[in-house]
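Engineer: Structure file model.cif (mmCIF, C-alpha atoms and all ligand atoms) is given on the next line.
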```
data_my_file
#
loop_
_atom_site.group_PDB
_atom_site.id
_atom_site.type_symbol
_atom_site.label_atom_id
_atom_site.label_comp_id
_atom_site.auth_asym_id
_atom_site.auth_seq_id
_atom_site.Cartn_x
_atom_site.Cartn_y
_atom_site.Cartn_z
ATOM 1 C CA MET R 553 63.197 37.499 2.988
ATOM 2 C CA GLU R 554 59.507 37.348 3.737
ATOM 3 C CA VAL R 555 58.368 36.341 7.187
ATOM 4 C CA CYS R 556 56.076 33.347 7.245
ATOM 5 C CA TYR R 557 53.453 32.842 9.938
ATOM 6 C CA SER R 558 51.529 29.882 11.266
ATOM 7 C CA ASN R 559 47.757 29.521 11.129
ATOM 8 C CA GLN R 560 45.880 32.813 11.256
ATOM 9 C CA GLU R 561 42.337 33.961 10.627
ATOM 10 C CA ALA R 562 41.972 35.852 7.388
ATOM 11 C CA VAL R 563 39.620 37.092 4.744
ATOM 12 C CA ILE R 564 40.402 35.590 1.345
ATOM 13 C CA LEU R 565 39.336 37.613 -1.680
ATOM 14 C CA ILE R 566 39.688 36.254 -5.210
ATOM 15 C CA PRO R 567 38.719 38.479 -8.136
ATOM 16 C CA ASP R 568 38.600 36.161 -11.145
ATOM 17 C CA ILE R 569 38.535 37.230 -14.778
ATOM 18 C CA SER R 570 36.818 34.877 -17.212
ATOM 19 C CA GLY R 571 37.368 34.900 -20.948
ATOM 20 C CA PHE R 572 41.158 35.059 -20.816
ATOM 21 C CA THR R 573 41.758 31.833 -22.666
ATOM 22 C CA GLY R 574 39.789 32.662 -25.789
ATOM 23 C CA PHE R 575 41.294 36.089 -25.650
ATOM 24 C CA VAL R 576 44.970 35.121 -25.735
ATOM 25 C CA SER R 577 44.590 32.061 -27.953
ATOM 26 C CA VAL R 578 43.904 34.131 -31.061
ATOM 27 C CA ALA R 579 46.815 34.926 -33.320
ATOM 28 C CA ASP R 580 46.949 38.656 -32.718
ATOM 29 C CA THR R 581 48.007 39.132 -29.123
ATOM 30 C CA GLU R 582 49.261 42.693 -29.370
ATOM 31 C CA HIS R 583 46.148 44.247 -27.900
ATOM 32 C CA ALA R 584 45.457 41.201 -25.732
ATOM 33 C CA GLN R 585 48.561 41.842 -23.634
ATOM 34 C CA GLU R 586 47.806 45.516 -23.223
ATOM 35 C CA ILE R 587 44.172 44.900 -22.310
ATOM 36 C CA ILE R 588 44.938 42.123 -19.832
ATOM 37 C CA ALA R 589 47.539 44.277 -18.085
ATOM 38 C CA LEU R 590 45.042 47.144 -17.805
ATOM 39 C CA LEU R 591 42.265 44.847 -16.579
ATOM 40 C CA LEU R 592 44.474 43.354 -13.876
ATOM 41 C CA GLU R 593 45.576 46.866 -12.908
ATOM 42 C CA SER R 594 41.944 47.961 -12.624
ATOM 43 C CA VAL R 595 41.571 45.282 -9.934
ATOM 44 C CA LEU R 596 44.885 45.941 -8.155
ATOM 45 C CA ASP R 597 44.494 49.737 -8.183
ATOM 46 C CA ASN R 598 41.146 49.502 -6.404
ATOM 47 C CA ASN R 599 42.413 47.478 -3.488
ATOM 48 C CA LEU R 600 41.283 50.277 -1.180
ATOM 49 C CA LEU R 601 41.205 48.072 1.926
ATOM 50 C CA ASP R 602 44.871 47.198 1.557
ATOM 51 C CA PHE R 603 44.562 43.454 1.141
ATOM 52 C CA GLU R 604 47.878 41.647 0.829
ATOM 53 C CA LEU R 605 48.524 40.427 -2.696
ATOM 54 C CA SER R 606 49.581 36.785 -2.559
ATOM 55 C CA GLU R 607 49.608 35.765 -6.201
ATOM 56 C CA ILE R 608 48.366 36.619 -9.650
ATOM 57 C CA GLU R 609 47.408 33.213 -11.001
ATOM 58 C CA GLY R 610 46.835 33.812 -14.693
ATOM 59 C CA ASP R 611 43.322 35.186 -14.637
ATOM 60 C CA ALA R 612 42.696 35.304 -10.891
ATOM 61 C CA VAL R 613 44.163 37.498 -8.169
ATOM 62 C CA LEU R 614 44.626 36.048 -4.697
ATOM 63 C CA PHE R 615 44.239 38.639 -1.949
ATOM 64 C CA TYR R 616 44.115 38.036 1.786
ATOM 65 C CA LYS R 617 43.948 40.103 4.939
ATOM 66 C CA LEU R 618 44.899 38.834 8.375
ATOM 67 C CA LYS R 619 42.925 40.100 11.368
ATOM 68 C CA PRO R 620 40.675 42.071 9.021
ATOM 69 C CA PRO R 621 39.582 45.418 10.473
ATOM 70 C CA PHE R 622 36.821 46.154 7.966
ATOM 71 C CA THR R 623 33.082 45.438 7.589
ATOM 72 C CA ALA R 624 31.359 43.148 5.097
ATOM 73 C CA ASN R 625 29.958 46.209 3.405
ATOM 74 C CA GLU R 626 33.410 47.681 2.866
ATOM 75 C CA VAL R 627 34.562 44.469 1.194
ATOM 76 C CA ILE R 628 31.466 44.455 -1.043
ATOM 77 C CA GLN R 629 32.050 48.109 -1.924
ATOM 78 C CA GLN R 630 35.639 47.389 -2.874
ATOM 79 C CA CYS R 631 34.497 44.564 -5.169
ATOM 80 C CA ASN R 632 32.055 46.958 -6.795
ATOM 81 C CA LYS R 633 34.810 49.552 -7.312
ATOM 82 C CA MET R 634 37.030 46.916 -8.940
ATOM 83 C CA PHE R 635 34.124 45.777 -11.095
ATOM 84 C CA GLN R 636 33.318 49.302 -12.257
ATOM 85 C CA ALA R 637 36.968 50.041 -13.087
ATOM 86 C CA PHE R 638 37.265 46.735 -14.953
ATOM 87 C CA HIS R 639 34.244 47.515 -17.141
ATOM 88 C CA LYS R 640 35.370 51.080 -17.691
ATOM 89 C CA ILE R 641 38.580 49.733 -19.270
ATOM 90 C CA LEU R 642 36.608 47.196 -21.320
ATOM 91 C CA ASN R 643 34.232 49.915 -22.538
ATOM 92 C CA GLU R 644 37.116 52.156 -23.572
ATOM 93 C CA PHE R 645 38.514 49.396 -25.752
ATOM 94 C CA LYS R 646 35.096 48.486 -27.159
ATOM 95 C CA ARG R 647 34.566 52.105 -28.209
ATOM 96 C CA LYS R 648 37.724 51.966 -30.319
ATOM 97 C CA ASN R 649 36.043 49.361 -32.551
ATOM 98 C CA CYS R 650 39.406 47.791 -33.280
ATOM 99 C CA PRO R 651 39.014 45.010 -35.877
ATOM 100 C CA CYS R 652 41.808 42.824 -34.448
ATOM 101 C CA GLN R 653 40.954 39.299 -33.324
ATOM 102 C CA SER R 654 41.547 40.012 -29.640
ATOM 103 C CA CYS R 655 39.336 43.076 -29.547
ATOM 104 C CA LYS R 656 36.491 41.143 -31.175
ATOM 105 C CA LYS R 657 36.448 38.949 -28.086
ATOM 106 C CA LEU R 658 36.075 41.771 -25.577
ATOM 107 C CA ASN R 659 32.448 40.851 -24.932
ATOM 108 C CA ASP R 660 33.562 37.465 -23.572
ATOM 109 C CA MET R 661 35.467 39.033 -20.690
ATOM 110 C CA SER R 662 33.812 39.019 -17.282
ATOM 111 C CA LEU R 663 34.747 39.428 -13.636
ATOM 112 C CA LYS R 664 33.518 37.674 -10.509
ATOM 113 C CA PHE R 665 34.550 37.644 -6.851
ATOM 114 C CA ILE R 666 34.880 34.966 -4.187
ATOM 115 C CA VAL R 667 35.017 36.139 -0.572
ATOM 116 C CA HIS R 668 35.736 33.640 2.198
ATOM 117 C CA TYR R 669 36.807 33.743 5.826
ATOM 118 C CA GLY R 670 38.943 31.085 7.439
ATOM 119 C CA THR R 671 42.358 29.994 8.555
ATOM 120 C CA LEU R 672 45.460 30.503 6.451
ATOM 121 C CA GLY R 673 48.703 28.664 6.916
ATOM 122 C CA SER R 674 51.921 29.347 5.051
ATOM 123 C CA ILE R 675 55.131 27.597 4.189
ATOM 124 C CA MET R 676 58.499 28.888 3.117
ATOM 125 C CA VAL R 677 59.463 27.781 -0.374
ATOM 126 C CA ASN R 678 62.997 29.067 -0.830
ATOM 127 C CA ASP R 679 62.595 32.752 -0.018
ATOM 128 C CA TYR R 680 58.945 32.808 -0.869
ATOM 129 C CA CYS R 681 56.107 32.564 1.614
ATOM 130 C CA LYS R 682 53.372 30.461 0.056
ATOM 131 C CA LEU R 683 49.866 30.329 1.484
ATOM 132 C CA PHE R 684 48.095 27.038 1.968
ATOM 133 C CA GLY R 685 45.235 25.446 3.857
ATOM 134 C CA LYS R 686 41.765 24.022 3.546
ATOM 135 C CA ASP R 687 40.124 27.440 3.396
ATOM 136 C CA LEU R 688 42.308 28.490 0.498
ATOM 137 C CA ILE R 689 41.216 25.337 -1.339
ATOM 138 C CA ILE R 690 37.572 26.106 -0.598
ATOM 139 C CA ALA R 691 37.933 29.641 -1.991
ATOM 140 C CA HIS R 692 39.605 28.336 -5.160
ATOM 141 C CA ARG R 693 37.135 25.503 -5.701
ATOM 142 C CA LEU R 694 34.223 27.921 -5.402
ATOM 143 C CA LEU R 695 35.433 29.541 -8.629
ATOM 144 C CA LYS R 696 34.182 26.445 -10.431
ATOM 145 C CA ASN R 697 30.515 26.274 -9.592
ATOM 146 C CA ASN R 698 27.242 25.714 -11.365
ATOM 147 C CA LEU R 699 25.873 29.236 -10.947
ATOM 148 C CA ARG R 700 24.223 30.469 -14.100
ATOM 149 C CA PHE R 701 25.552 34.014 -13.753
ATOM 150 C CA LYS R 702 28.896 35.195 -15.074
ATOM 151 C CA GLU R 703 29.479 38.225 -12.902
ATOM 152 C CA TYR R 704 28.726 38.262 -9.173
ATOM 153 C CA ILE R 705 30.120 38.391 -5.666
ATOM 154 C CA LEU R 706 29.977 35.125 -3.781
ATOM 155 C CA LEU R 707 30.246 35.379 0.022
ATOM 156 C CA THR R 708 30.621 32.189 2.022
ATOM 157 C CA ASP R 709 28.634 31.585 5.210
ATOM 158 C CA ALA R 710 31.952 31.579 7.073
ATOM 159 C CA PHE R 711 32.413 35.186 5.948
ATOM 160 C CA THR R 712 28.846 36.332 6.588
ATOM 161 C CA ASN R 713 28.820 34.676 10.026
ATOM 162 C CA ARG R 714 31.968 36.525 11.007
ATOM 163 C CA PHE R 715 30.981 39.942 9.626
ATOM 164 C CA ASP R 716 27.683 41.727 10.067
ATOM 165 C CA PHE R 717 25.888 41.384 6.780
ATOM 166 C CA ALA R 718 22.555 42.674 5.400
ATOM 167 C CA ARG R 719 21.086 39.679 3.608
ATOM 168 C CA GLU R 720 18.397 41.445 1.569
ATOM 169 C CA ASN R 721 18.878 41.206 -2.209
ATOM 170 C CA TRP R 722 21.320 38.301 -1.891
ATOM 171 C CA LYS R 723 20.486 34.806 -3.081
ATOM 172 C CA GLN R 724 21.340 31.877 -0.844
ATOM 173 C CA LYS R 725 23.093 29.050 -2.695
ATOM 174 C CA GLU R 726 24.710 25.852 -1.526
ATOM 175 C CA ILE R 727 27.678 24.740 -3.584
ATOM 176 C CA MET R 728 28.993 21.188 -3.480
ATOM 177 C CA ILE R 729 32.754 20.842 -3.335
ATOM 178 C CA GLU R 730 34.191 17.415 -3.860
ATOM 179 C CA GLU R 731 35.702 15.939 -0.665
ATOM 180 C CA LEU R 732 34.834 19.064 1.308
ATOM 181 C CA GLY R 733 31.029 18.942 1.154
ATOM 182 C CA LEU R 734 28.343 21.591 0.858
ATOM 183 C CA ILE R 735 29.400 25.191 1.281
ATOM 184 C CA GLY R 736 26.683 27.716 2.096
ATOM 185 C CA THR R 737 27.009 31.004 0.233
ATOM 186 C CA TYR R 738 25.272 34.255 -0.579
ATOM 187 C CA VAL R 739 25.438 35.476 -4.166
ATOM 188 C CA GLY R 740 25.010 39.144 -5.052
ATOM 189 C CA MET R 741 24.987 40.984 -8.348
ATOM 190 C CA LEU R 742 27.323 43.784 -9.380
ATOM 191 C CA SER R 743 26.359 46.916 -11.271
ATOM 192 C CA LYS R 744 28.128 47.938 -14.462
ATOM 193 C CA PRO R 745 29.061 51.566 -15.072
ATOM 194 C CA LEU R 746 26.695 53.555 -17.267
ATOM 195 C CA VAL R 747 27.875 53.711 -20.849
ATOM 196 C CA ILE R 748 27.641 57.171 -22.383
ATOM 197 C CA HIS R 749 27.604 57.050 -26.160
HETATM 198 ZN ZN ZN A 801 42.663 45.294 -31.107
#
```
What does the file become when written as structure tokens?
Ligand SMILES: [Zn+2]
Structural biologist:
Amino acid sequence: MEVCYSNQEAVILIPDISGFTGFVSVADTEHAQEIIALLLESVLDNNLLDFELSEIEGDAVLFYKLKPPFTANEVIQQCNKMFQAFHKILNEFKRKNCPCQSCKKLNDMSLKFIVHYGTLGSIMVNDYCKLFGKDLIIAHRLLKNNLRFKEYILLTDAFTNRFDFARENWKQKEIMIEELGLIGTYVGMLSKPLVIH
């Protein structure tokens, strides 16, 4: 049985894949299943900072780390590694030029990251330790925002206030969350791997 804990400070990291719905709603799901498994693995396999995996929620992965020992830069680097691995898999499938309906939608797939710092609580549900708390809600709600980019890392002010962070090249954005108010964030771009034809 898992051991549950009361409120603790933690970094919450949510890599979120967009484009899943259109991808699995087509008739031919043979390649869709294989590709989705590989894309999720590209994220999980690059968890170099050893975040705890809480849940895979369809197209998003919920990671957290209590008493985080790392720097902001290390978290950003890990996101970049995940992003590169994700696009490497996508590129491999695109190169196959498969005519199936799923593979035609590969260009719709994208990956973004939410990084937040706050307090996590947990409750036992049968033998399962489920995370909860206001900061978890904030991290989830930030996935739905009005940013005009598809792929980025979004760091909340709570995260950048806690960890030393070089603000150059990051855009400051305030995001309104219903009932919770304005959340200050920094948004940074990710770089895709070079495609060699
Ligand atoms: Zn295919």
Engineer: What gap, in Å, lies between CA of Asn599 in chain R and CA of Phe615 in chain R?
Structural biologist: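 If I compute the distance from CA of Asn599 in chain R to CA of Phe615 in chain R, I get 9.2 Å.
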Engineer: Could you expand the PyMOL selection byres (((chain R and resi 672-686) around 9) and not hetatm) into the explicit residues it covers here, written as a PyMOL selection string?
Structural biologist: chain R and resi 553-564+606+616+618+670-671+687-691+732
Engineer: Using only C-alpha atoms, can you tell me which of R:Ile705, R:Val613, R:Leu695, R:Ile727 comes closest to Phe635 in chain R?
Structural biologist: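 Distance minimum relative to Phe635 in chain R lands on R:Ile705.
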Engineer: So the first atom is CA of Leu614 in chain R and the second is CA of Lys723 in chain R; what is the distance between them in Å, to one decimal place?
Structural biologist: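 Here the two named atoms are 24.2 Å from each other.
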Engineer: Within 7 Å of ligand ZN 801 (chain A), counting only C-alpha atoms and all ligand atoms, which protein or nucleic acid residues do you find, written as a list of chain:residue names?
Structural biologist: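 Taking only C-alpha atoms and all ligand atoms into account, the residues around ligand ZN 801 (chain A) at most 7 Å away are R:His583, R:Cys650, R:Pro651, R:Cys652, R:Gln653, R:Ser654, R:Cys655.
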Engineer: Under the rule that all atoms listed in the file are counted, which of R:Lys640, R:Leu596, R:Leu707, R:Tyr669 is the nearest residue to Ile628 in chain R?
Structural biologist: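 The closest residue to Ile628 in chain R is R:Leu707.
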Engineer: Could you name the residues that touch Ile641 in chain R at 10 Å or less, counting all atoms listed in the file, but leaving out those on the same chain fewer than 6 positions away, as a PyMOL selection string?
Structural biologist: chain R and resi 587-588+590-591+593-594
Engineer: For the structure shown, which residues end up in the PyMOL selection byres (((chain R and resi 702) around 12) and not hetatm)? Put them as a ChimeraX atom specification, please?
Structural biologist: /R:568-571,659-665,695-701,703-706,739-742
Engineer: Write out as a ChimeraX atom specification which residues come within 6 Å of range 709-711 of chain R when counting all atoms listed in the file, dropping same-chain ones fewer than 6 positions away.
Structural biologist: /R:668-669,736-737
Engineer: Of the residues R:Ile566, R:Phe715, R:Asn598, R:Leu658, which is the one nearest to Lys633 in chain R, using all atoms listed in the file?
Structural biologist: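 Once distances to Lys633 in chain R are computed over all atoms listed in the file, the minimum belongs to R:Asn598.
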Engineer: Just to confirm, what's the straight-line distance from CA of Glu586 in chain R to CA of Lys648 in chain R in Å (one decimal)?
Structural biologist: 13.9 Å
Engineer: Which one is closest to Lys619 in chain R: R:Arg714, R:Phe638, R:Asp597, R:Tyr738? Count only C-alpha atoms.
Structural biologist: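 Nearest candidate to Lys619 in chain R out of R:Arg714, R:Phe638, R:Asp597, R:Tyr738: R:Arg714.
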Engineer: I'd like to know which of R:Ser743, R:Gln724, R:Thr712, R:Gln585 is closest to Asn625 in chain R, using all atoms listed in the file.
Structural biologist: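 So, comparing all the options, the nearest one is R:Thr712.
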Engineer: Using the file's own x, y and z axes, so that the box edges lie along x, y and z, what centre and edge lengths in Å (one decimal) does a box around every listed atom of range 631-647 of chain R get when 6 Å is added on each side? Give it as lines of an AutoDock Vina configuration file.
Structural biologist:
```
center_x = 35.3
center_y = 48.4
center_z = -16.7
size_x = 18.5
size_y = 19.6
size_z = 35.0
```
Engineer: Generate the coordinates of N, CA and C atoms for range 563-589 of chain R; report them as a PDB file, in the frame of the given file.
Structural biologist:
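The file below, part36.pdb, is the result:
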```pdb
ATOM      1  N   VAL R 563      40.573  37.019   5.840  1.00  0.00           N
ATOM      2  CA  VAL R 563      39.620  37.092   4.744  1.00  0.00           C
ATOM      3  C   VAL R 563      40.378  36.793   3.460  1.00  0.00           C
ATOM      4  N   ILE R 564      39.813  35.922   2.644  1.00  0.00           N
ATOM      5  CA  ILE R 564      40.402  35.590   1.345  1.00  0.00           C
ATOM      6  C   ILE R 564      39.503  36.199   0.284  1.00  0.00           C
ATOM      7  N   LEU R 565      40.103  36.964  -0.610  1.00  0.00           N
ATOM      8  CA  LEU R 565      39.336  37.613  -1.680  1.00  0.00           C
ATOM      9  C   LEU R 565      39.970  37.234  -3.014  1.00  0.00           C
ATOM     10  N   ILE R 566      39.177  36.632  -3.885  1.00  0.00           N
ATOM     11  CA  ILE R 566      39.688  36.254  -5.210  1.00  0.00           C
ATOM     12  C   ILE R 566      38.844  36.908  -6.308  1.00  0.00           C
ATOM     13  N   PRO R 567      39.345  37.983  -6.917  1.00  0.00           N
ATOM     14  CA  PRO R 567      38.719  38.479  -8.136  1.00  0.00           C
ATOM     15  C   PRO R 567      39.194  37.593  -9.294  1.00  0.00           C
ATOM     16  N   ASP R 568      38.265  37.132 -10.098  1.00  0.00           N
ATOM     17  CA  ASP R 568      38.600  36.161 -11.145  1.00  0.00           C
ATOM     18  C   ASP R 568      38.054  36.634 -12.492  1.00  0.00           C
ATOM     19  N   ILE R 569      38.943  36.773 -13.440  1.00  0.00           N
ATOM     20  CA  ILE R 569      38.535  37.230 -14.778  1.00  0.00           C
ATOM     21  C   ILE R 569      38.272  36.015 -15.654  1.00  0.00           C
ATOM     22  N   SER R 570      37.109  35.958 -16.272  1.00  0.00           N
ATOM     23  CA  SER R 570      36.818  34.877 -17.212  1.00  0.00           C
ATOM     24  C   SER R 570      36.925  35.408 -18.631  1.00  0.00           C
ATOM     25  N   GLY R 571      37.271  34.513 -19.544  1.00  0.00           N
ATOM     26  CA  GLY R 571      37.368  34.900 -20.948  1.00  0.00           C
ATOM     27  C   GLY R 571      38.801  35.088 -21.409  1.00  0.00           C
ATOM     28  N   PHE R 572      39.742  34.899 -20.486  1.00  0.00           N
ATOM     29  CA  PHE R 572      41.158  35.059 -20.816  1.00  0.00           C
ATOM     30  C   PHE R 572      41.618  34.108 -21.921  1.00  0.00           C
ATOM     31  N   THR R 573      41.205  32.867 -21.791  1.00  0.00           N
ATOM     32  CA  THR R 573      41.758  31.833 -22.666  1.00  0.00           C
ATOM     33  C   THR R 573      41.447  32.123 -24.126  1.00  0.00           C
ATOM     34  N   GLY R 574      40.178  32.354 -24.419  1.00  0.00           N
ATOM     35  CA  GLY R 574      39.789  32.662 -25.789  1.00  0.00           C
ATOM     36  C   GLY R 574      40.473  33.916 -26.279  1.00  0.00           C
ATOM     37  N   PHE R 575      40.733  34.789 -25.344  1.00  0.00           N
ATOM     38  CA  PHE R 575      41.294  36.089 -25.650  1.00  0.00           C
ATOM     39  C   PHE R 575      42.761  36.006 -26.088  1.00  0.00           C
ATOM     40  N   VAL R 576      43.541  35.191 -25.400  1.00  0.00           N
ATOM     41  CA  VAL R 576      44.970  35.121 -25.735  1.00  0.00           C
ATOM     42  C   VAL R 576      45.287  34.009 -26.736  1.00  0.00           C
ATOM     43  N   SER R 577      44.289  33.172 -27.044  1.00  0.00           N
ATOM     44  CA  SER R 577      44.590  32.061 -27.953  1.00  0.00           C
ATOM     45  C   SER R 577      44.476  32.479 -29.424  1.00  0.00           C
ATOM     46  N   VAL R 578      43.955  33.680 -29.671  1.00  0.00           N
ATOM     47  CA  VAL R 578      43.904  34.131 -31.061  1.00  0.00           C
ATOM     48  C   VAL R 578      45.295  34.574 -31.487  1.00  0.00           C
ATOM     49  N   ALA R 579      45.483  34.677 -32.782  1.00  0.00           N
ATOM     50  CA  ALA R 579      46.815  34.926 -33.320  1.00  0.00           C
ATOM     51  C   ALA R 579      47.360  36.304 -32.916  1.00  0.00           C
ATOM     52  N   ASP R 580      46.507  37.284 -32.945  1.00  0.00           N
ATOM     53  CA  ASP R 580      46.949  38.656 -32.718  1.00  0.00           C
ATOM     54  C   ASP R 580      46.888  38.983 -31.224  1.00  0.00           C
ATOM     55  N   THR R 581      48.036  38.932 -30.576  1.00  0.00           N
ATOM     56  CA  THR R 581      48.007  39.132 -29.123  1.00  0.00           C
ATOM     57  C   THR R 581      48.493  40.524 -28.719  1.00  0.00           C
ATOM     58  N   GLU R 582      48.720  41.371 -29.709  1.00  0.00           N
ATOM     59  CA  GLU R 582      49.261  42.693 -29.370  1.00  0.00           C
ATOM     60  C   GLU R 582      48.337  43.438 -28.413  1.00  0.00           C
ATOM     61  N   HIS R 583      47.083  43.551 -28.777  1.00  0.00           N
ATOM     62  CA  HIS R 583      46.148  44.247 -27.900  1.00  0.00           C
ATOM     63  C   HIS R 583      45.787  43.408 -26.689  1.00  0.00           C
ATOM     64  N   ALA R 584      45.819  42.081 -26.847  1.00  0.00           N
ATOM     65  CA  ALA R 584      45.457  41.201 -25.732  1.00  0.00           C
ATOM     66  C   ALA R 584      46.348  41.487 -24.524  1.00  0.00           C
ATOM     67  N   GLN R 585      47.648  41.613 -24.758  1.00  0.00           N
ATOM     68  CA  GLN R 585      48.561  41.842 -23.634  1.00  0.00           C
ATOM     69  C   GLN R 585      48.278  43.169 -22.949  1.00  0.00           C
ATOM     70  N   GLU R 586      48.055  44.182 -23.777  1.00  0.00           N
ATOM     71  CA  GLU R 586      47.806  45.516 -23.223  1.00  0.00           C
ATOM     72  C   GLU R 586      46.499  45.515 -22.412  1.00  0.00           C
ATOM     73  N   ILE R 587      45.480  44.894 -22.970  1.00  0.00           N
ATOM     74  CA  ILE R 587      44.172  44.900 -22.310  1.00  0.00           C
ATOM     75  C   ILE R 587      44.214  44.098 -21.015  1.00  0.00           C
ATOM     76  N   ILE R 588      44.865  42.950 -21.042  1.00  0.00           N
ATOM     77  CA  ILE R 588      44.938  42.123 -19.832  1.00  0.00           C
ATOM     78  C   ILE R 588      45.697  42.850 -18.722  1.00  0.00           C
ATOM     79  N   ALA R 589      46.786  43.516 -19.091  1.00  0.00           N
ATOM     80  CA  ALA R 589      47.539  44.277 -18.085  1.00  0.00           C
ATOM     81  C   ALA R 589      46.644  45.353 -17.474  1.00  0.00           C
TER      82      ALA R 589
END
```
